[in-house]
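Below you'll find the structure, written out as structure tokens, and then a few comments.
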Amino acid sequence: MNTHYAWWLAGAFVLLGPLVGALLAGIDRRLTARMQSRQGPPILQPVYDVLKLFEKDTLVVTRLQTLYLWFFLLFMVISGFILFLGSDLLLSLFALTVSGIFLCLAAYSTNSPYSNIGSSRELMLMMAYEPMLILVPLGFYLTTDSFRVADIVAGSPWQVLQLSGILVGFLFVLTIKLRKSPFDLSTSHHGHQELVKGLTTDFSGSDLALVEIAHWYENVILLGWLYLFFAPWGPWLALPIAFALFFVEVLVDNTHARLTWSSTLKATWWVTLLAGVTNLMLLPLVV
């Protein structure tokens with residue numbers, strides 16, 4: 001990847017990432033509505049919602065919550081910047097994980113029962129999906145001898161077949177990362193959440209807007225990770241495939257009931273073991 005082009009791409013992520021993420025969220029909501037035989041909101045509705053949040057009063061339970069939320073957003077941006085700069089994928093994952101921890105700290109700091117339960121569930125979900133996420137950079141390393149995103153993009157066209165098990169595992173945990181059913185245990189974008197809003201119950205105004213913007217960035221980062229599996233095929237083929245798989249999660253969200261936390265943990269670890277770890281063990285035979 002050309003260095004000058006990589007810096008432009010990383011800068012575009014910082015500046016335009018929220019807009020792209022908001023469009024993904026808007027399309028998600030429109031598709032969900034159509035699947036439920038509703039008209040649905042405008043595609044730009046997430047943008048309108050966040051703009052309204054900035055106009056509302058921000059009720060702060062503790063000053064720490066705002067500080068933690070800014071760090072949540074900051075590390076989310078750092079994770080994406082590293083990814084789109086073509087740098088170390090493993091370092092991008094670490095920044096993404098730290099970002100999630102700051103969100104949990106922000107919710108815990110409010111000392112609310114709903115937020116505390118949501119934070120506990122979020123940490124449990126991190127225990128479920130993090131092992132599978134770690135296997136993704138490891139798989140790319142074994143096929144390209146590098147953790148660098150630029151080397152992965154320039155890798156073999158056969159890498160998606162070599163990493164087919166890891167791709168299946170990643171798609172499974174992507175449902176968790178996007179907070180879709182059957183794994184929307186800590187918070188939800190829909191009205192059926194029994195914890196009110198769980199993790200974000202006590203956030204309001206600009207604080208809640210920060211959370212939404214960070215989730216927009218996260219949407220783009222996860223789409224970028226998905227794109228890497230098909231990147232050697234070229235952007236004109238890889239991007240449509242990545243978008244199609246990304247929005248398959250909307251179908252999953254609307255066709256599955258929520259699991260319990262114990263079932264989520266067991267299912268995710270079994271998929272990680274059978275799809276991810278098995279793929280890594282067999283990889284030396286096909287590389």
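Ordering of the structure tokens sets the chain letters (A, B, ...); residue numbers start at 1 within each chain; ligands are numbered from 1 in the order shown.
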Per-residue DSSP, segment 13-200 of chain A, filtered to helix (DSSP H, G or I), as a PyMOL selection string:
chain A and resi 13-35+45-55+63-84+89-109+113-144+149-153+159-162+164-177+198-200
Quick one: residues within 8 Å of Glu122 of chain A, only C-alpha atoms, excluding same-chain residues fewer than 6 positions away - as a list of chain:residue names?
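Those residues are A:Cys104, A:Leu185, A:Ser186, A:Leu199.
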Could those selected residues go to a file with all heavy atoms, as an mmCIF file, in the first residue's frame?
data_model
loop_
_atom_site.group_PDB
_atom_site.id
_atom_site.type_symbol
_atom_site.label_atom_id
_atom_site.label_comp_id
_atom_site.auth_asym_id
_atom_site.auth_seq_id
_atom_site.Cartn_x
_atom_site.Cartn_y
_atom_site.Cartn_z
ATOM 1 N N CYS A 104 -17.263 0.262 29.541
ATOM 2 C CA CYS A 104 -17.731 -0.438 30.743
ATOM 3 C C CYS A 104 -17.440 0.380 32.005
ATOM 4 O O CYS A 104 -18.278 0.462 32.907
ATOM 5 C CB CYS A 104 -17.060 -1.804 30.841
ATOM 6 S SG CYS A 104 -17.581 -2.987 29.585
ATOM 7 N N LEU A 185 -27.199 -8.560 24.696
ATOM 8 C CA LEU A 185 -27.461 -8.785 26.113
ATOM 9 C C LEU A 185 -27.170 -7.571 26.985
ATOM 10 O O LEU A 185 -27.775 -7.405 28.035
ATOM 11 C CB LEU A 185 -26.612 -9.967 26.618
ATOM 12 C CG LEU A 185 -26.858 -11.303 25.928
ATOM 13 C CD1 LEU A 185 -25.879 -12.342 26.438
ATOM 14 C CD2 LEU A 185 -28.275 -11.766 26.154
ATOM 15 N N SER A 186 -26.213 -6.725 26.585
ATOM 16 C CA SER A 186 -25.804 -5.618 27.452
ATOM 17 C C SER A 186 -26.500 -4.316 27.105
ATOM 18 O O SER A 186 -26.708 -3.467 27.954
ATOM 19 C CB SER A 186 -24.292 -5.422 27.373
ATOM 20 O OG SER A 186 -23.896 -5.096 26.053
ATOM 21 N N LEU A 199 -26.356 -0.861 29.322
ATOM 22 C CA LEU A 199 -25.059 -0.209 29.452
ATOM 23 C C LEU A 199 -25.156 1.313 29.395
ATOM 24 O O LEU A 199 -24.399 2.012 30.065
ATOM 25 C CB LEU A 199 -24.147 -0.714 28.329
ATOM 26 C CG LEU A 199 -22.639 -0.527 28.452
ATOM 27 C CD1 LEU A 199 -22.095 -1.340 29.601
ATOM 28 C CD2 LEU A 199 -21.973 -0.960 27.156
#
Considering only C-alpha atoms, can you say which of A:Ile117, A:Leu178, A:Val61, A:Leu9 comes closest to Ala25 of chain A?
A:Leu178
Shell around Ser109 of chain A at 7 Å using only C-alpha atoms, local window under 2 positions removed, as a list in words:
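The residues satisfying every condition are Thr62, Leu64, Gln65, Leu105, Ala106, Ala107 and Asn111 of chain A.
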Any chance you can output those residues with N, CA, C and O atoms as a PDB file, in the first residue's frame?
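result_13.pdb, written as the output of this step:
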ATOM      1  N   THR A  62     -21.598  11.389  37.506  1.00  0.00           N
ATOM      2  CA  THR A  62     -20.240  11.614  37.994  1.00  0.00           C
ATOM      3  C   THR A  62     -19.395  12.113  36.833  1.00  0.00           C
ATOM      4  O   THR A  62     -19.590  11.700  35.686  1.00  0.00           O
ATOM      5  N   LEU A  64     -16.518  11.410  36.103  1.00  0.00           N
ATOM      6  CA  LEU A  64     -15.705  10.340  35.522  1.00  0.00           C
ATOM      7  C   LEU A  64     -16.361   9.732  34.297  1.00  0.00           C
ATOM      8  O   LEU A  64     -15.684   9.299  33.369  1.00  0.00           O
ATOM      9  N   GLN A  65     -17.699   9.689  34.287  1.00  0.00           N
ATOM     10  CA  GLN A  65     -18.369   9.034  33.164  1.00  0.00           C
ATOM     11  C   GLN A  65     -18.057   9.746  31.849  1.00  0.00           C
ATOM     12  O   GLN A  65     -17.813   9.101  30.825  1.00  0.00           O
ATOM     13  N   LEU A 105     -16.258   0.997  32.059  1.00  0.00           N
ATOM     14  CA  LEU A 105     -15.915   1.829  33.216  1.00  0.00           C
ATOM     15  C   LEU A 105     -16.865   3.015  33.339  1.00  0.00           C
ATOM     16  O   LEU A 105     -17.263   3.395  34.448  1.00  0.00           O
ATOM     17  N   ALA A 106     -17.226   3.599  32.196  1.00  0.00           N
ATOM     18  CA  ALA A 106     -18.150   4.727  32.218  1.00  0.00           C
ATOM     19  C   ALA A 106     -19.497   4.300  32.792  1.00  0.00           C
ATOM     20  O   ALA A 106     -20.103   5.028  33.601  1.00  0.00           O
ATOM     21  N   ALA A 107     -19.979   3.142  32.388  1.00  0.00           N
ATOM     22  CA  ALA A 107     -21.267   2.661  32.891  1.00  0.00           C
ATOM     23  C   ALA A 107     -21.186   2.294  34.373  1.00  0.00           C
ATOM     24  O   ALA A 107     -22.089   2.607  35.151  1.00  0.00           O
ATOM     25  N   ASN A 111     -22.934   3.954  38.997  1.00  0.00           N
ATOM     26  CA  ASN A 111     -23.430   3.237  40.176  1.00  0.00           C
ATOM     27  C   ASN A 111     -24.946   3.016  40.118  1.00  0.00           C
ATOM     28  O   ASN A 111     -25.656   3.101  41.119  1.00  0.00           O
TER      29      ASN A 111
END
Quick one: everything within 9 Å of segment 222-224 of chain A, counting only C-alpha atoms, minus sequence neighbours fewer than 4 positions away in the same chain. Send it as a ChimeraX atom specification.
/A:80,83-84,174,177-178,217-218,228,242-243,246
Best match for closeness to Ala154 of chain A among A:Trp7, A:Trp70, A:Phe229, A:Phe102, counting only C-alpha atoms
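Of A:Trp7, A:Trp70, A:Phe229, A:Phe102, the one nearest Ala154 of chain A is A:Phe229, counting only C-alpha atoms.
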Could you state the separation of atom CA of Gln39 of chain A and atom CA of Leu245 of chain A in Å, given to one decimal place?
23.3 Å
Counting only C-alpha atoms, the residue among A:Thr58, A:Ser87, A:Ser262, A:Ser119 that lies closest to Ile101 of chain A is A:Ser119
Shortest interatomic distance to Leu282 of chain A - which of A:Asn116, A:Gln162, A:Thr144, A:Ser79, counting only C-alpha atoms:
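Going through A:Asn116, A:Gln162, A:Thr144, A:Ser79 one by one, the smallest distance to Leu282 of chain A is for A:Gln162.
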Rank nothing, just name the residue among A:Val248, A:Val153, A:Leu91, A:Met124 nearest to Pro137 of chain A, using only C-alpha atoms.
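Distance minimum relative to Pro137 of chain A lands on A:Leu91.
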Excluding same-chain residues fewer than 6 positions from segment 92-98 of chain A, what lies within 12 Å of it counting only C-alpha atoms, as a PyMOL selection string?
chain A and resi 68-69+71-86+104-105+122-123+125-127+129-138+147-149+177+214-215+217-219+221-222+224-225
Considering only C-alpha atoms, return as a PyMOL selection string whatever protein or nucleic-acid residues lie within 7 Å of Gly165 of chain A, sequence-local ones (same chain, fewer than 6 positions apart) excluded.
chain A and resi 275-276+279
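Residue nearest Val14 of chain A, chosen from A:Arg258, A:Tyr227, A:Val220, A:Ser164 and counting only C-alpha atoms: A:Val220.
From atom CA of Thr200 of chain A back to atom CA of Ser115 of chain A, the distance works out to 6.5 Å.
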Need to verify the contact set: Gly40 of chain A, 10 Å, only C-alpha atoms, exclusion of same-chain residues closer than 4 positions in sequence. Can you return it as number ranges by chain?
A: 26-27, 29-36, 45
